[in-house]
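Shown next: structure.cif, containing mmCIF, C-alpha atoms.
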```cif
data_structure
#
loop_
_atom_site.group_PDB
_atom_site.id
_atom_site.type_symbol
_atom_site.label_atom_id
_atom_site.label_comp_id
_atom_site.auth_asym_id
_atom_site.auth_seq_id
_atom_site.Cartn_x
_atom_site.Cartn_y
_atom_site.Cartn_z
ATOM 1 C CA MET J 1363 -8.435 15.444 41.435
ATOM 2 C CA LYS J 1364 -5.325 17.149 40.066
ATOM 3 C CA ARG J 1365 -2.771 14.576 41.244
ATOM 4 C CA PRO J 1366 -4.547 11.511 39.797
ATOM 5 C CA ALA J 1367 -4.921 13.360 36.488
ATOM 6 C CA LEU J 1368 -1.169 13.988 36.444
ATOM 7 C CA ILE J 1369 -0.485 10.335 37.234
ATOM 8 C CA TYR J 1370 -2.903 9.294 34.483
ATOM 9 C CA LEU J 1371 -1.029 11.563 32.045
ATOM 10 C CA ALA J 1372 2.325 10.173 33.219
ATOM 11 C CA VAL J 1373 1.111 6.620 32.570
ATOM 12 C CA LEU J 1374 0.027 7.537 29.047
ATOM 13 C CA VAL J 1375 3.268 9.380 28.281
ATOM 14 C CA SER J 1376 5.316 6.464 29.632
ATOM 15 C CA ALA J 1377 3.464 4.019 27.380
ATOM 16 C CA VAL J 1378 4.082 6.195 24.321
ATOM 17 C CA LEU J 1379 7.740 6.714 25.226
ATOM 18 C CA ALA J 1380 8.245 2.987 25.816
ATOM 19 C CA TYR J 1381 6.692 2.283 22.412
ATOM 20 C CA VAL J 1382 8.831 4.820 20.548
ATOM 21 C CA LEU J 1383 12.091 3.828 22.269
ATOM 22 C CA CYS J 1384 11.567 0.083 21.853
ATOM 23 C CA PHE J 1385 10.488 0.470 18.229
ATOM 24 C CA ARG J 1386 13.529 2.582 17.381
ATOM 25 C CA MET J 1387 15.897 0.205 19.157
ATOM 26 C CA ALA J 1388 14.396 -2.921 17.595
ATOM 27 C CA THR J 1389 14.426 -1.521 14.055
ATOM 28 C CA HIS J 1390 17.766 0.272 14.315
ATOM 29 C CA GLU J 1391 19.716 -2.409 12.466
ATOM 30 C CA THR J 1392 17.204 -2.743 9.620
ATOM 31 C CA ARG J 1393 16.953 1.017 9.167
ATOM 32 C CA GLN J 1394 20.731 1.264 9.114
ATOM 33 C CA MET J 1395 20.996 -1.486 6.491
ATOM 34 C CA MET J 1396 18.298 0.104 4.339
ATOM 35 C CA ALA J 1397 20.059 3.466 4.529
ATOM 36 C CA ALA J 1398 23.495 1.986 3.808
ATOM 37 C CA ASP J 1399 22.253 -0.070 0.881
ATOM 38 C CA SER J 1400 23.183 1.575 -2.367
ATOM 39 C CA GLY J 1401 20.954 -0.663 -4.448
ATOM 40 C CA ASP J 1402 23.330 -3.604 -4.825
ATOM 41 C CA GLY J 1403 22.273 -5.365 -1.606
ATOM 42 C CA ILE J 1404 25.893 -5.667 -0.404
ATOM 43 C CA ALA J 1405 25.113 -4.104 2.999
ATOM 44 C CA TRP J 1406 22.349 -6.633 3.534
ATOM 45 C CA LEU J 1407 24.492 -9.495 2.193
ATOM 46 C CA ARG J 1408 27.284 -8.524 4.542
ATOM 47 C CA LYS J 1409 25.046 -8.576 7.582
ATOM 48 C CA GLU J 1410 22.864 -11.527 6.630
ATOM 49 C CA PHE J 1411 25.759 -13.805 5.627
ATOM 50 C CA ALA J 1412 28.350 -12.474 8.094
ATOM 51 C CA LEU J 1413 30.884 -11.232 5.528
ATOM 52 C CA ASN J 1414 34.065 -9.561 6.703
ATOM 53 C CA ASP J 1415 35.534 -6.493 4.954
ATOM 54 C CA GLU J 1416 37.667 -8.521 2.570
ATOM 55 C CA GLN J 1417 34.799 -10.840 1.613
ATOM 56 C CA ALA J 1418 32.445 -7.877 1.117
ATOM 57 C CA ARG J 1419 34.981 -6.176 -1.166
ATOM 58 C CA ALA J 1420 35.463 -9.346 -3.224
ATOM 59 C CA VAL J 1421 31.690 -9.760 -3.605
ATOM 60 C CA ALA J 1422 31.297 -6.082 -4.604
ATOM 61 C CA ALA J 1423 33.993 -6.552 -7.276
ATOM 62 C CA LEU J 1424 32.265 -9.661 -8.600
ATOM 63 C CA GLN J 1425 28.968 -7.802 -8.759
ATOM 64 C CA ALA J 1426 30.506 -4.885 -10.622
ATOM 65 C CA GLU J 1427 31.979 -7.311 -13.144
ATOM 66 C CA TYR J 1428 28.632 -9.099 -13.558
ATOM 67 C CA GLU J 1429 26.508 -5.986 -14.028
ATOM 68 C CA PRO J 1430 27.107 -5.510 -17.804
ATOM 69 C CA ARG J 1431 26.282 -9.184 -18.397
ATOM 70 C CA CYS J 1432 23.038 -8.775 -16.417
ATOM 71 C CA MET J 1433 22.128 -5.706 -18.496
ATOM 72 C CA GLU J 1434 22.871 -7.623 -21.690
ATOM 73 C CA MET J 1435 20.506 -10.411 -20.592
ATOM 74 C CA CYS J 1436 17.843 -7.846 -19.680
ATOM 75 C CA ALA J 1437 18.084 -6.484 -23.227
ATOM 76 C CA LYS J 1438 17.722 -9.978 -24.696
ATOM 77 C CA ILE J 1439 14.637 -10.703 -22.561
ATOM 78 C CA THR J 1440 13.049 -7.378 -23.491
ATOM 79 C CA ALA J 1441 13.746 -7.927 -27.206
ATOM 80 C CA VAL J 1442 12.295 -11.430 -27.370
ATOM 81 C CA ASN J 1443 9.263 -10.404 -25.290
ATOM 82 C CA ARG J 1444 8.595 -7.494 -27.673
ATOM 83 C CA ARG J 1445 8.785 -9.771 -30.701
ATOM 84 C CA ILE J 1446 6.311 -12.197 -29.085
ATOM 85 C CA GLU J 1447 3.984 -9.318 -28.119
ATOM 86 C CA LYS J 1448 4.044 -8.182 -31.755
ATOM 87 C CA LEU J 1449 3.386 -11.620 -33.202
ATOM 88 C CA LEU J 1450 0.646 -12.738 -30.810
ATOM 89 C CA PRO J 1451 -2.184 -10.355 -31.829
ATOM 90 C CA ALA J 1452 -1.493 -10.999 -35.524
ATOM 91 C CA THR J 1453 -2.280 -14.700 -35.464
ATOM 92 C CA ALA J 1454 -4.929 -17.083 -34.209
ATOM 93 C CA THR J 1455 -2.818 -20.185 -34.795
ATOM 94 C CA MET J 1456 0.678 -21.269 -33.871
ATOM 95 C CA THR J 1457 2.890 -20.032 -36.668
ATOM 96 C CA PRO J 1458 6.482 -21.168 -37.226
ATOM 97 C CA GLU J 1459 7.718 -17.625 -36.380
ATOM 98 C CA LEU J 1460 5.809 -17.534 -33.096
ATOM 99 C CA LYS J 1461 7.033 -21.011 -32.197
ATOM 100 C CA ALA J 1462 10.614 -19.957 -32.969
ATOM 101 C CA GLU J 1463 10.285 -16.862 -30.743
ATOM 102 C CA LEU J 1464 8.818 -18.905 -27.886
ATOM 103 C CA GLU J 1465 11.751 -21.292 -28.186
ATOM 104 C CA GLU J 1466 14.105 -18.322 -28.180
ATOM 105 C CA ALA J 1467 12.382 -16.982 -25.005
ATOM 106 C CA SER J 1468 12.904 -20.346 -23.304
ATOM 107 C CA ARG J 1469 16.539 -20.386 -24.394
ATOM 108 C CA VAL J 1470 17.073 -16.857 -23.045
ATOM 109 C CA GLN J 1471 15.391 -17.838 -19.764
ATOM 110 C CA ALA J 1472 17.636 -20.899 -19.395
ATOM 111 C CA GLU J 1473 20.688 -18.739 -20.169
ATOM 112 C CA CYS J 1474 19.616 -16.172 -17.537
ATOM 113 C CA ARG J 1475 18.972 -18.808 -14.892
ATOM 114 C CA ALA J 1476 22.340 -20.401 -15.534
ATOM 115 C CA ALA J 1477 24.116 -17.029 -15.375
ATOM 116 C CA THR J 1478 22.285 -16.056 -12.160
ATOM 117 C CA LEU J 1479 23.120 -19.325 -10.450
ATOM 118 C CA ALA J 1480 26.737 -19.181 -11.667
ATOM 119 C CA GLN J 1481 27.060 -15.668 -10.202
ATOM 120 C CA ALA J 1482 25.471 -16.802 -6.918
ATOM 121 C CA MET J 1483 27.948 -19.674 -6.777
ATOM 122 C CA ALA J 1484 30.854 -17.308 -7.447
ATOM 123 C CA ILE J 1485 29.626 -15.017 -4.634
ATOM 124 C CA SER J 1486 29.145 -17.935 -2.257
ATOM 125 C CA ALA J 1487 32.780 -18.948 -2.826
ATOM 126 C CA HIS J 1488 33.703 -15.901 -0.715
ATOM 127 C CA MET J 1489 31.505 -16.969 2.216
ATOM 128 C CA ALA J 1490 31.985 -19.354 5.112
ATOM 129 C CA PRO J 1491 30.833 -22.872 4.054
ATOM 130 C CA GLU J 1492 27.639 -22.894 6.106
ATOM 131 C CA GLN J 1493 26.659 -19.378 5.007
ATOM 132 C CA ALA J 1494 27.539 -20.233 1.398
ATOM 133 C CA ALA J 1495 25.190 -23.231 1.389
ATOM 134 C CA ARG J 1496 22.387 -21.114 2.873
ATOM 135 C CA TYR J 1497 22.974 -18.353 0.310
ATOM 136 C CA ARG J 1498 23.005 -20.753 -2.658
ATOM 137 C CA ALA J 1499 19.809 -22.420 -1.412
ATOM 138 C CA MET J 1500 18.107 -19.026 -1.025
ATOM 139 C CA ILE J 1501 19.030 -17.883 -4.543
ATOM 140 C CA ALA J 1502 18.136 -21.252 -6.086
ATOM 141 C CA ALA J 1503 14.740 -21.204 -4.363
ATOM 142 C CA ARG J 1504 14.005 -17.812 -5.899
ATOM 143 C CA VAL J 1505 15.504 -18.424 -9.336
ATOM 144 C CA LEU J 1506 14.040 -21.918 -9.668
ATOM 145 C CA PRO J 1507 10.638 -21.645 -7.961
ATOM 146 C CA GLY J 1508 9.045 -25.035 -7.530
ATOM 147 C CA VAL J 1509 12.356 -26.849 -7.715
ATOM 148 C CA LEU J 1510 13.343 -26.008 -4.147
ATOM 149 C CA PRO J 1511 10.982 -25.070 -1.318
ATOM 150 C CA HIS J 1512 11.279 -21.277 -0.950
ATOM 151 C CA ASP J 1513 10.662 -21.076 2.805
ATOM 152 C CA SER J 1514 13.119 -23.754 3.869
ATOM 153 C CA ALA J 1515 15.910 -21.974 2.008
ATOM 154 C CA THR J 1516 15.280 -18.449 3.182
ATOM 155 C CA HIS J 1517 14.067 -18.752 6.737
ATOM 156 C CA ARG J 1518 16.733 -20.824 8.350
ATOM 157 C CA MET G 354 -76.132 -1.461 40.686
ATOM 158 C CA ASN G 355 -78.726 1.171 39.807
ATOM 159 C CA ASP G 356 -77.920 4.020 37.448
ATOM 160 C CA ASP G 357 -78.196 7.168 39.555
ATOM 161 C CA PRO G 358 -78.169 10.339 37.395
ATOM 162 C CA ARG G 359 -77.215 12.534 40.371
ATOM 163 C CA LEU G 360 -74.263 10.361 41.192
ATOM 164 C CA ARG G 361 -73.153 10.378 37.532
ATOM 165 C CA GLU G 362 -73.387 14.175 37.423
ATOM 166 C CA LEU G 363 -71.434 14.454 40.685
ATOM 167 C CA LEU G 364 -68.658 12.207 39.354
ATOM 168 C CA ARG G 365 -68.400 14.186 36.098
ATOM 169 C CA ALA G 366 -68.168 17.468 38.025
ATOM 170 C CA SER G 367 -65.380 16.092 40.229
ATOM 171 C CA LEU G 368 -63.068 15.223 37.277
ATOM 172 C CA PRO G 369 -60.431 17.943 36.635
ATOM 173 C CA GLU G 370 -60.508 19.579 33.232
ATOM 174 C CA ALA G 371 -56.986 19.771 31.845
ATOM 175 C CA ASP G 372 -55.827 20.726 28.367
ATOM 176 C CA VAL G 373 -53.244 18.235 27.159
ATOM 177 C CA SER G 374 -50.976 19.846 24.633
ATOM 178 C CA SER G 375 -50.294 18.124 21.325
ATOM 179 C CA ARG G 376 -46.564 17.775 22.255
ATOM 180 C CA PHE G 377 -47.365 16.053 25.542
ATOM 181 C CA ASN G 378 -45.984 12.644 24.490
ATOM 182 C CA ALA G 379 -42.887 14.122 22.860
ATOM 183 C CA ASP G 380 -42.159 16.213 25.949
ATOM 184 C CA VAL G 381 -42.471 13.195 28.220
ATOM 185 C CA TRP G 382 -40.034 11.167 26.107
ATOM 186 C CA GLN G 383 -37.622 14.093 25.934
ATOM 187 C CA ARG G 384 -37.566 14.244 29.711
ATOM 188 C CA ILE G 385 -37.032 10.485 29.986
ATOM 189 C CA GLN G 386 -34.080 10.699 27.566
ATOM 190 C CA ALA G 387 -32.559 13.642 29.422
ATOM 191 C CA ARG G 388 -32.772 11.694 32.683
ATOM 192 C CA SER G 389 -31.105 8.661 31.048
ATOM 193 C CA ALA G 390 -28.240 10.795 29.676
ATOM 194 C CA ALA G 391 -27.709 12.432 33.039
ATOM 195 C CA SER G 392 -27.627 8.994 34.646
ATOM 196 C CA ALA G 393 -24.995 7.792 32.099
ATOM 197 C CA ASN G 394 -22.889 10.909 32.765
ATOM 198 C CA ARG G 395 -23.083 10.180 36.455
ATOM 199 C CA GLY G 396 -21.873 6.630 35.644
ATOM 200 C CA TRP G 397 -18.817 7.986 33.846
ATOM 201 C CA ALA G 398 -18.161 10.458 36.617
ATOM 202 C CA ARG G 399 -18.321 7.635 39.143
ATOM 203 C CA TRP G 400 -15.892 5.594 37.051
ATOM 204 C CA PHE G 401 -13.447 8.517 36.802
ATOM 205 C CA GLU G 402 -13.736 9.066 40.529
ATOM 206 C CA LEU G 403 -12.976 5.403 41.111
ATOM 207 C CA VAL G 404 -9.891 5.520 38.816
ATOM 208 C CA ALA G 405 -8.756 8.774 40.394
ATOM 209 C CA GLY G 406 -9.095 7.176 43.795
ATOM 210 C CA LEU G 407 -7.019 4.214 42.691
ATOM 211 C CA PHE G 408 -4.364 6.448 41.096
ATOM 212 C CA SER G 409 -4.006 8.308 44.363
ATOM 213 C CA ARG G 410 -2.649 5.033 45.841
ATOM 214 C CA PRO G 411 1.095 4.857 45.064
ATOM 215 C CA ALA G 412 1.120 1.069 44.699
ATOM 216 C CA PHE G 413 -1.676 1.110 42.136
ATOM 217 C CA ALA G 414 -0.089 4.010 40.243
ATOM 218 C CA ALA G 415 3.229 2.114 40.098
ATOM 219 C CA VAL G 416 1.535 -1.039 38.774
ATOM 220 C CA ALA G 417 -0.386 0.980 36.172
ATOM 221 C CA LEU G 418 2.842 2.667 35.088
ATOM 222 C CA MET G 419 4.637 -0.655 34.718
ATOM 223 C CA LEU G 420 1.735 -2.152 32.783
ATOM 224 C CA ALA G 421 1.634 0.843 30.452
ATOM 225 C CA VAL G 422 5.381 0.638 29.797
ATOM 226 C CA GLY G 423 5.092 -3.122 29.219
ATOM 227 C CA ALA G 424 2.178 -2.679 26.815
ATOM 228 C CA GLY G 425 4.022 0.023 24.880
ATOM 229 C CA ALA G 426 7.187 -2.071 24.664
ATOM 230 C CA GLY G 427 5.235 -5.173 23.669
ATOM 231 C CA ALA G 428 3.347 -3.410 20.894
ATOM 232 C CA ALA G 429 6.602 -1.867 19.624
ATOM 233 C CA THR G 430 8.359 -5.241 19.586
ATOM 234 C CA LEU G 431 5.573 -6.835 17.560
ATOM 235 C CA GLN G 432 5.517 -4.004 15.038
ATOM 236 C CA ALA G 433 9.304 -3.896 14.825
ATOM 237 C CA ALA G 434 9.463 -7.633 14.092
ATOM 238 C CA ASP G 435 7.062 -7.117 11.202
ATOM 239 C CA LEU G 436 9.013 -4.144 9.854
ATOM 240 C CA ASN G 437 12.323 -6.014 10.192
ATOM 241 C CA GLU G 438 10.944 -8.962 8.256
ATOM 242 C CA ARG G 439 9.651 -6.709 5.484
ATOM 243 C CA GLY G 440 12.953 -4.836 5.378
ATOM 244 C CA ARG G 441 14.886 -8.087 5.179
ATOM 245 C CA SER G 442 12.721 -9.297 2.273
ATOM 246 C CA GLU G 443 13.097 -5.954 0.506
ATOM 247 C CA LEU G 444 16.885 -6.056 0.814
ATOM 248 C CA ALA G 445 17.031 -9.681 -0.319
ATOM 249 C CA LEU G 446 14.952 -8.745 -3.358
ATOM 250 C CA ARG G 447 17.231 -5.784 -4.121
ATOM 251 C CA HIS G 448 20.218 -8.120 -4.092
ATOM 252 C CA LEU G 449 18.413 -10.680 -6.232
ATOM 253 C CA ALA G 450 17.609 -7.930 -8.742
ATOM 254 C CA THR G 451 21.346 -7.465 -9.260
ATOM 255 C CA LEU G 452 21.712 -11.170 -10.099
ATOM 256 C CA ASP G 453 18.553 -12.204 -11.903
ATOM 257 C CA PRO G 454 17.627 -10.197 -15.034
ATOM 258 C CA TYR G 455 13.954 -11.187 -14.666
ATOM 259 C CA VAL G 456 13.812 -9.822 -11.132
ATOM 260 C CA HIS G 457 15.741 -6.751 -12.311
ATOM 261 C CA LEU G 458 13.183 -6.063 -15.055
ATOM 262 C CA ALA G 459 10.247 -6.728 -12.721
ATOM 263 C CA ALA G 460 11.665 -4.343 -10.114
ATOM 264 C CA LYS G 461 12.020 -1.533 -12.675
ATOM 265 C CA PRO G 462 9.287 1.104 -12.368
#
```
Please express the file's structure as structure tokens.
Amino acid sequence: MKRPALIYLAVLVSAVLAYVLCFRMATHETRQMMAADSGDGIAWLRKEFALNDEQARAVAALQAEYEPRCMEMCAKITAVNRRIEKLLPATATMTPELKAELEEASRVQAECRAATLAQAMAISAHMAPEQAARYRAMIAARVLPGVLPHDSATHR
Amino acid sequence: MNDDPRLRELLRASLPEADVSSRFNADVWQRIQARSAASANRGWARWFELVAGLFSRPAFAAVALMLAVGAGAGAATLQAADLNERGRSELALRHLATLDPYVHLAAKP
């Protein structure tokens, strides 16, 4: 009775070991990318769009240059949203001020979309043509939902 | 058939007089349940004996080992694919947050 019990235990341990080893091996790359990512997504971009060192450096420089502009747009969005939030509870009808703020919000949104797409295009200029097209399609699908099918752009 | 008082008396005298306790029914059911449980335990024991017998055969033990390793690897592959996909989406979103101010604001805690 002792030997079969040992074999039974060995079977169980082997299954657990196989699970742990395979899981670690299969997720190694993702875990490495997550750990290497410093919040700018460059590590992921490098792997996903096959960037070499030079291309990755150029993209990182572009991103660093773009960051203040992104922060400026964030501030604009926050400001216009706050003004709308303030005006909305104070009126039951569409006032000229509210209409003007809604128009301003649309203008800010269009400005942000244009800036995002322009930055994506600038980044894609440092990629191989096929990768660049895939990258631009992915960003456009996320920035302009409904204009491009999301899945076809991201899961190619 | 005629009613014979002597015969009736004789029959009554021949019946045993037994006191049936108030827990008689409960005790009977308890015994039936105990027997059933013992029978189930014997079933498990038989099953374990059967498996132990099979494990004592090297060929069966080798097949069981291979199946266990395959099952473990298969389950790990499925879970890893899911985790990789979620990680990929998370990283893509992190990158998008550096481009799109709306995504950046939405990602802020």
**Request:** Could you please select, counting only C-alpha atoms, the residues of chain G within 8 Å of chain J and state them as JSON, numbers by chain?
**Result:** {"G": [405, 406, 408, 409, 414, 417, 418, 421, 422, 423, 424, 425, 426, 427, 428, 429, 430, 432, 433, 434, 436, 437, 440, 441, 444, 445, 447, 448, 449, 451, 452, 453, 454, 455, 457, 458]}
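Look at segment 1459-1461 of chain J: the protein and nucleic acid residues within 9 Å of it, using all atoms listed in the file and passing over chain neighbours fewer than 5 places away, are Arg1445, Ile1446, Leu1449, Leu1450, Thr1453 and Glu1466 of chain J.
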**Prompt:** Do you have the atom CA of Leu1424 of chain J-atom CA of Ile1485 of chain J distance handy?
**Reply:**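 Rounded to one decimal, the two atoms are 7.2 Å apart.
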**Asked** What does the distance between atom CA of Arg1419 of chain J and atom CA of His1488 of chain J come to in Å, to one decimal place?
**Response**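 Those two atoms sit 9.8 Å apart.
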**Item:** Distance of atom CA of Met1489 of chain J from atom CA of Ala1412 of chain J, expressed in Å to one decimal place
**Value:**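 Straight-line distance from atom CA of Ala1412 of chain J to atom CA of Met1489 of chain J works out to 8.0 Å.
For the choices J:Leu1413, J:Ala1502, J:Ala1423, J:Ala1467, the atom-to-atom distance to Arg1444 of chain J is smallest for J:Ala1467 when using only C-alpha atoms.
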Work out where the centre of an axis-aligned box around every listed atom of segment 418-435 of chain G lies and how long its edges are once 6 Å is added on each side; give both in Å to one decimal as AutoDock Vina command-line options.
```
--center_x 5.5 --center_y -2.5 --center_z 23.1 --size_x 19.8 --size_y 22.3 --size_z 35.9
```
